[in-house]
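Shown next: run-v9.tsv, containing TSV, C-alpha atoms and all ligand atoms.
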```tsv
chain	number	residue	atom	x	y	z
A	14	MET	CA	-51.71	-149.70	49.71
A	15	THR	CA	-55.00	-150.95	51.11
A	16	ALA	CA	-58.07	-149.32	49.63
A	17	LYS	CA	-60.14	-146.99	51.79
A	18	LEU	CA	-63.66	-147.79	52.96
A	19	ASN	CA	-66.45	-145.24	52.94
A	20	VAL	CA	-69.51	-146.66	54.65
A	21	ASN	CA	-72.79	-145.82	52.94
A	22	ILE	CA	-75.30	-145.26	55.76
A	23	ASP	CA	-78.42	-144.67	53.62
A	24	HIS	CA	-80.16	-147.69	55.09
A	25	VAL	CA	-79.90	-146.39	58.65
A	26	ALA	CA	-82.11	-143.60	57.33
A	27	THR	CA	-84.29	-146.17	55.53
A	28	ILE	CA	-85.18	-147.69	58.92
A	29	ARG	CA	-85.84	-144.26	60.41
A	30	GLU	CA	-88.03	-143.22	57.47
A	31	ALA	CA	-90.04	-146.45	57.75
A	32	ARG	CA	-91.64	-144.76	60.80
A	33	LYS	CA	-90.86	-141.11	59.97
A	34	THR	CA	-89.34	-140.84	63.42
A	35	ILE	CA	-86.00	-139.83	64.95
A	36	GLU	CA	-84.25	-143.17	65.36
A	37	PRO	CA	-81.92	-144.76	64.48
A	38	SER	CA	-79.75	-141.62	64.46
A	39	ILE	CA	-77.74	-141.02	61.32
A	40	VAL	CA	-75.27	-138.97	63.35
A	41	THR	CA	-74.64	-141.82	65.79
A	42	ALA	CA	-74.21	-144.19	62.85
A	43	ALA	CA	-71.66	-141.92	61.17
A	44	VAL	CA	-69.64	-141.46	64.34
A	45	MET	CA	-69.67	-145.19	65.09
A	46	CYS	CA	-68.46	-145.99	61.56
A	47	GLU	CA	-65.64	-143.48	61.90
A	48	GLN	CA	-64.64	-144.81	65.31
A	49	ALA	CA	-64.59	-148.36	63.93
A	50	GLY	CA	-62.05	-147.25	61.34
A	51	ALA	CA	-64.04	-146.20	58.26
A	52	ASN	CA	-62.23	-143.66	56.11
A	53	GLY	CA	-65.39	-141.81	55.23
A	54	ILE	CA	-69.16	-141.67	55.17
A	55	THR	CA	-71.23	-141.86	52.00
A	56	VAL	CA	-74.90	-140.95	51.65
A	57	HIS	CA	-77.20	-140.64	48.65
A	58	LEU	CA	-79.57	-137.69	48.63
A	59	ARG	CA	-82.25	-138.96	46.27
A	60	GLY	CA	-84.74	-136.76	44.47
A	61	ASP	CA	-87.58	-138.64	46.20
A	62	ARG	CA	-85.90	-138.30	49.66
A	63	ARG	CA	-86.79	-141.92	50.43
A	64	HIS	CA	-84.03	-142.25	53.01
A	65	ILE	CA	-81.51	-139.43	53.45
A	66	GLN	CA	-83.09	-135.99	54.03
A	67	ASP	CA	-81.63	-132.53	53.40
A	68	ARG	CA	-81.21	-132.02	57.16
A	69	ASP	CA	-79.12	-135.21	57.37
A	70	ILE	CA	-76.60	-133.68	54.98
A	71	GLU	CA	-76.37	-130.56	57.16
A	72	LEU	CA	-75.94	-132.62	60.35
A	73	LEU	CA	-73.37	-134.93	58.76
A	74	ARG	CA	-71.42	-131.96	57.41
A	75	ASP	CA	-71.07	-130.79	61.02
A	76	VAL	CA	-70.11	-134.12	62.61
A	77	VAL	CA	-68.18	-136.13	60.03
A	78	THR	CA	-64.48	-135.55	60.60
A	79	THR	CA	-63.11	-138.06	58.09
A	80	TYR	CA	-64.63	-137.57	54.64
A	81	LEU	CA	-68.19	-136.88	53.57
A	82	ASN	CA	-69.16	-138.13	50.12
A	83	VAL	CA	-72.66	-137.29	48.90
A	84	GLU	CA	-74.10	-139.16	45.94
A	85	MET	CA	-76.59	-137.18	43.86
A	86	ALA	CA	-78.05	-136.75	40.41
A	87	ALA	CA	-76.59	-133.99	38.24
A	88	THR	CA	-79.66	-131.75	38.59
A	89	ASP	CA	-79.76	-128.02	39.39
A	90	GLU	CA	-81.58	-128.76	42.66
A	91	MET	CA	-78.89	-131.18	43.85
A	92	ILE	CA	-75.92	-129.11	42.74
A	93	ALA	CA	-77.35	-126.11	44.63
A	94	ILE	CA	-77.58	-128.25	47.81
A	95	ALA	CA	-73.96	-129.34	47.35
A	96	GLU	CA	-72.79	-125.75	46.87
A	97	GLU	CA	-74.62	-124.79	50.06
A	98	THR	CA	-73.53	-127.70	52.30
A	99	ARG	CA	-70.06	-128.29	50.81
A	100	PRO	CA	-69.41	-132.03	51.35
A	101	ASP	CA	-65.83	-133.15	50.72
A	102	ALA	CA	-66.89	-135.01	47.60
A	103	VAL	CA	-69.91	-135.40	45.37
A	104	SER	CA	-70.48	-138.56	43.38
A	105	LEU	CA	-72.70	-137.95	40.39
A	106	VAL	CA	-75.07	-140.88	39.89
A	107	PRO	CA	-78.00	-141.63	37.58
A	108	GLU	CA	-81.45	-141.71	39.10
A	109	LYS	CA	-84.72	-143.20	37.88
A	110	PRO	CA	-87.96	-142.49	39.80
A	111	ASN	CA	-89.10	-146.06	40.60
A	112	GLU	CA	-85.78	-147.89	40.85
A	113	ILE	CA	-85.13	-149.92	44.01
A	114	THR	CA	-81.50	-148.82	44.00
A	115	THR	CA	-79.15	-147.13	41.53
A	116	GLU	CA	-79.29	-149.13	38.31
A	117	GLY	CA	-75.91	-149.03	36.61
A	118	GLY	CA	-73.59	-146.12	36.07
A	119	LEU	CA	-74.25	-142.66	34.72
A	120	ASP	CA	-74.20	-142.51	30.91
A	121	VAL	CA	-71.70	-139.66	30.59
A	122	VAL	CA	-71.40	-140.11	26.83
A	123	THR	CA	-75.10	-139.34	26.30
A	124	ASN	CA	-75.43	-136.72	29.06
A	125	PHE	CA	-72.05	-135.09	28.50
A	126	ALA	CA	-73.07	-131.40	28.58
A	127	ALA	CA	-75.14	-131.70	31.78
A	128	VAL	CA	-72.43	-133.71	33.56
A	129	GLN	CA	-69.71	-131.32	32.48
A	130	GLU	CA	-71.72	-128.33	33.74
A	131	ALA	CA	-72.41	-130.02	37.09
A	132	ALA	CA	-68.76	-131.03	37.51
A	133	GLY	CA	-67.63	-127.48	36.73
A	134	LYS	CA	-69.96	-125.98	39.36
A	135	LEU	CA	-68.87	-128.49	42.00
A	136	LYS	CA	-65.18	-127.90	41.36
A	137	SER	CA	-65.73	-124.13	41.57
A	138	ALA	CA	-67.19	-124.75	45.04
A	139	ASP	CA	-64.02	-126.71	45.92
A	140	ILE	CA	-65.86	-130.03	46.01
A	141	PHE	CA	-64.07	-133.16	44.76
A	142	VAL	CA	-65.94	-134.66	41.81
A	143	SER	CA	-66.43	-138.39	41.36
A	144	ILE	CA	-68.65	-139.90	38.66
A	145	PHE	CA	-70.29	-143.30	39.04
A	146	ILE	CA	-70.00	-145.16	35.73
A	147	ASP	CA	-70.03	-148.65	34.31
A	148	PRO	CA	-66.55	-150.16	33.88
A	149	SER	CA	-66.42	-149.14	30.21
A	150	LEU	CA	-63.40	-147.49	28.61
A	151	GLU	CA	-65.66	-145.15	26.63
A	152	GLN	CA	-67.48	-143.93	29.76
A	153	ILE	CA	-64.19	-143.42	31.60
A	154	THR	CA	-62.79	-141.31	28.77
A	155	ALA	CA	-66.01	-139.25	28.73
A	156	ALA	CA	-66.00	-138.82	32.53
A	157	HIS	CA	-62.43	-137.56	32.36
A	158	ALA	CA	-63.30	-135.11	29.56
A	159	ALA	CA	-66.33	-133.92	31.56
A	160	GLY	CA	-64.09	-132.93	34.46
A	161	ALA	CA	-64.20	-135.89	36.85
A	162	GLN	CA	-61.34	-136.19	39.33
A	163	GLN	CA	-62.37	-139.72	40.24
A	164	VAL	CA	-64.48	-142.43	38.68
A	165	GLU	CA	-66.40	-144.90	40.80
A	166	LEU	CA	-66.73	-148.11	38.83
A	167	CYS	CA	-70.16	-149.70	39.14
A	168	THR	CA	-69.77	-153.24	40.45
A	169	ALA	CA	-73.47	-154.15	40.17
A	170	GLU	CA	-72.91	-156.67	37.38
A	171	TYR	CA	-70.05	-158.31	39.29
A	172	ALA	CA	-72.22	-158.37	42.43
A	173	GLU	CA	-75.04	-160.05	40.52
A	174	LEU	CA	-72.63	-162.70	39.21
A	175	THR	CA	-71.24	-163.44	42.68
A	176	LEU	CA	-74.47	-163.57	44.70
A	177	SER	CA	-75.06	-167.29	44.45
A	178	SER	CA	-72.85	-170.24	45.30
A	179	ARG	CA	-72.76	-170.98	41.55
A	180	ALA	CA	-70.13	-168.24	41.28
A	181	ALA	CA	-67.68	-170.51	43.11
A	182	HIS	CA	-67.22	-172.98	40.25
A	183	GLY	CA	-67.65	-173.72	36.53
A	184	GLU	CA	-69.35	-171.21	34.23
A	185	GLY	CA	-70.34	-168.95	37.16
A	186	ALA	CA	-66.72	-168.62	38.29
A	187	ARG	CA	-65.57	-167.93	34.72
A	188	LYS	CA	-68.14	-165.15	34.28
A	189	ALA	CA	-67.23	-163.57	37.62
A	190	ALA	CA	-63.51	-163.72	36.76
A	191	ALA	CA	-64.21	-162.09	33.38
A	192	GLU	CA	-66.06	-159.24	35.11
A	193	VAL	CA	-63.17	-158.77	37.56
A	194	ALA	CA	-60.84	-158.54	34.53
A	195	ARG	CA	-63.15	-155.96	32.90
A	196	ILE	CA	-63.15	-153.87	36.10
A	197	ALA	CA	-59.33	-154.15	36.36
A	198	ALA	CA	-58.89	-153.03	32.73
A	199	ALA	CA	-61.24	-150.10	33.32
A	200	ALA	CA	-59.29	-149.13	36.46
A	201	THR	CA	-56.01	-149.19	34.54
A	202	HIS	CA	-57.47	-146.96	31.81
A	203	ALA	CA	-58.72	-144.49	34.43
A	204	ILE	CA	-55.32	-144.37	36.16
A	205	ASP	CA	-53.64	-143.77	32.78
A	206	LEU	CA	-55.87	-140.69	32.38
A	207	GLY	CA	-54.83	-139.45	35.83
A	208	LEU	CA	-58.10	-140.31	37.56
A	209	ILE	CA	-58.51	-141.77	41.05
A	210	VAL	CA	-60.48	-145.03	41.01
A	211	ALA	CA	-63.22	-146.04	43.42
A	212	ALA	CA	-65.67	-148.93	43.16
A	213	GLY	CA	-68.99	-149.87	44.65
A	214	HIS	CA	-72.48	-151.26	44.51
A	215	GLY	CA	-73.60	-154.64	45.77
A	216	LEU	CA	-70.27	-155.47	47.40
A	217	THR	CA	-70.25	-157.94	50.27
A	218	TYR	CA	-67.76	-159.44	52.75
A	219	ARG	CA	-67.14	-162.25	50.28
A	220	ASN	CA	-67.11	-160.63	46.85
A	221	VAL	CA	-65.08	-157.55	47.81
A	222	ARG	CA	-61.90	-159.61	48.20
A	223	ALA	CA	-61.26	-160.16	44.47
A	224	LEU	CA	-61.69	-156.44	43.79
A	225	ALA	CA	-59.55	-155.42	46.77
A	226	ALA	CA	-56.71	-157.27	45.04
A	227	ILE	CA	-56.83	-154.77	42.14
A	228	PRO	CA	-54.18	-152.21	43.20
A	229	GLU	CA	-55.61	-149.39	41.02
A	230	ILE	CA	-58.81	-149.27	43.14
A	231	SER	CA	-58.16	-147.00	46.09
A	232	GLU	CA	-61.65	-146.62	47.58
A	233	PHE	CA	-64.76	-148.69	48.13
A	234	ASN	CA	-68.25	-147.37	48.88
A	235	ILE	CA	-70.23	-150.10	50.61
A	236	GLY	CA	-73.58	-149.85	52.34
A	237	HIS	CA	-76.25	-152.51	52.23
A	238	SER	CA	-74.05	-155.44	53.22
A	239	ILE	CA	-72.52	-153.59	56.19
A	240	ILE	CA	-75.85	-152.28	57.53
A	241	SER	CA	-77.44	-155.72	57.03
A	242	ARG	CA	-74.69	-157.40	59.04
A	243	ALA	CA	-74.93	-154.68	61.70
A	244	VAL	CA	-78.44	-155.93	62.53
A	245	PHE	CA	-76.83	-159.11	63.89
A	246	VAL	CA	-73.37	-158.14	65.12
A	247	GLY	CA	-73.60	-154.37	65.68
A	248	LEU	CA	-72.36	-151.55	63.49
A	249	SER	CA	-68.83	-151.27	64.88
A	250	GLN	CA	-68.12	-154.94	64.30
A	251	SER	CA	-69.69	-155.00	60.86
A	252	VAL	CA	-67.52	-152.06	59.78
A	253	ARG	CA	-64.37	-153.65	61.24
A	254	GLU	CA	-65.10	-156.92	59.47
A	255	MET	CA	-65.47	-155.15	56.11
A	256	ILE	CA	-62.17	-153.34	56.68
A	257	ASP	CA	-60.58	-156.75	57.35
A	258	ALA	CA	-62.15	-158.19	54.18
A	259	ILE	CA	-60.69	-155.34	52.11
A	260	ARG	CA	-57.30	-155.91	53.76
A	261	GLY	CA	-57.58	-159.60	52.90
A	262	VAL	CA	-57.44	-160.62	56.57
B	301	LIG	N1	-71.83	-146.43	45.21
B	301	LIG	C1	-72.89	-145.84	44.62
B	301	LIG	C2	-72.62	-144.82	43.56
B	301	LIG	C3	-74.22	-146.14	45.00
B	301	LIG	O1	-75.24	-145.53	44.39
B	301	LIG	C4	-74.42	-147.06	46.04
B	301	LIG	C5	-75.81	-147.35	46.52
B	301	LIG	O2	-76.36	-146.19	47.06
B	301	LIG	C6	-73.29	-147.64	46.64
B	301	LIG	C7	-72.01	-147.34	46.19
B	301	LIG	C8	-73.42	-148.63	47.76
B	301	LIG	O3	-74.06	-149.77	47.30
B	301	LIG	P1	-74.46	-150.93	48.32
B	301	LIG	O4	-75.45	-150.34	49.27
B	301	LIG	O5	-75.05	-151.98	47.43
B	301	LIG	O6	-73.20	-151.35	49.01
```
Representation of the structure as structure tokens:
Amino acid sequence: MTAKLNVNIDHVATIREARKTIEPSIVTAAVMCEQAGANGITVHLRGDRRHIQDRDIELLRDVVTTYLNVEMAATDEMIAIAEETRPDAVSLVPEKPNEITTEGGLDVVTNFAAVQEAAGKLKSADIFVSIFIDPSLEQITAAHAAGAQQVELCTAEYAELTLSSRAAHGEGARKAAAEVARIAAAATHAIDLGLIVAAGHGLTYRNVRALAAIPEISEFNIGHSIISRAVFVGLSQSVREMIDAIRGV
């Protein structure tokens, strides 16, 4: 079965927040993504509110008819917002104050008690719990023990390895293939534990294809590449093209 695509629309809000104004509309973006065939909408409510705002979550909760996945840190503030707004899913992610974007997966082994408590509260509110982790067997086992229903495997390292044309041959290609194998092994371990497997971070029209061939991965969360391409071809087309890339068209 082809993996689902949730479009991360954070960077529509990044453009809006560059002027602290009302456009481009996050609601219009979400509806356009859904109409173009996306299976869901993902947003990251960061502690510093640099792009998505609390009101965006409320508006999206009202208009998204497919699936609303909100990424957040496992803090009391964020869990309270989730309990109040009730997205379909919450993805627990790590957060550092001055990072440009999420840097790697959540260290569930080290932060086990806090993650377990957050997962418990979310599940009590009938919210599906995903945890964003590095493709490590140890982290997957910990995420499962902490109460995750899904793990989202961090593909940042794979993305880094596939950014340049050097990934197409020689040592670059070998390193990228080894990272695909690591992600595939992690996905198999997660499935064996009964978890659903998602993947994301830094995925593009080109590098998503190798991961889309891993049958254990049933969902991708992709943002920057789709919104970047939308600047040139429009959002509907950029979403459709990513769906085609995942389908291997
Ligand atoms: N998944 C998670 C957990 C993320 O934190 C992000 C970035 O917000 C993404 C997926 C999407 O990453 P990108 O914008 O690089 O496609």
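Distance check against ligand LIG 301 (chain B) using only C-alpha atoms and all ligand atoms: of A:Glu90, A:Glu84, A:Asp61, A:Glu229, the minimum falls on A:Glu84.
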With a distance cut-off of 12 Å and all atoms listed in the file, select the neighbouring residues of A:Leu150, excluding the residue or stretch itself and same-chain residues fewer than 5 positions from it, and output the selection as a VMD selection string. chain A and resid 121 to 122 155 to 157 164 166 195 to 206
For a test of reading the model, state the distance in Å between atom CA of A:Leu216 and atom O5 of ligand LIG 301 (chain B), rounded to one decimal.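 Value for the atom CA of A:Leu216-atom O5 of ligand LIG 301 (chain B) distance: 5.9 Å.
Among the candidates A:Pro37, A:Gly185, A:Gly118, A:Gly236, the one nearest to ligand LIG 301 (chain B) when counting all atoms listed in the file is A:Gly236.
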Please identify the residues whose atoms come within 6 Å of ligand LIG 301 (chain B), using all atoms listed in the file, and report them as JSON, numbers by chain. {"A": [21, 57, 106, 115, 145, 213, 214, 215, 216, 234, 235, 236, 237, 238]}
Using all atoms listed in the file, pick whichever of A:Gln152, A:Asn124, A:Ser137, A:Gln66 has the shortest atom-to-atom distance to A:Ala26.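 Selected residue with least distance to A:Ala26: A:Gln66.
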Set the distance at 12 Å and use all atoms listed in the file: which residues neighbour A:Asn82 once local chain neighbours fewer than 6 positions away are removed? I'd like the list as a VMD selection string. chain A and resid 18 to 23 43 52 to 58 70 73 to 74 95 98 to 105 140 to 144 165 211 232 to 234
Counting only C-alpha atoms, which residues of stretch 45-120 of chain A fall within 9 Å of stretch 240-262 of chain A, and what is the closest atom pair for each with its distance in Å at one decimal, ordered by chain and rising number, as JSON lines?
```
{"residue": "A:Met45", "atom": "CA", "partner": "A:Ser249", "partner_atom": "CA", "distance": 6.1}
{"residue": "A:Cys46", "atom": "CA", "partner": "A:Ser249", "partner_atom": "CA", "distance": 6.2}
{"residue": "A:Glu47", "atom": "CA", "partner": "A:Ser249", "partner_atom": "CA", "distance": 8.9}
{"residue": "A:Gln48", "atom": "CA", "partner": "A:Ser249", "partner_atom": "CA", "distance": 7.7}
{"residue": "A:Ala49", "atom": "CA", "partner": "A:Ser249", "partner_atom": "CA", "distance": 5.2}
{"residue": "A:Gly50", "atom": "CA", "partner": "A:Arg253", "partner_atom": "CA", "distance": 6.8}
{"residue": "A:Ala51", "atom": "CA", "partner": "A:Val252", "partner_atom": "CA", "distance": 7.0}
```
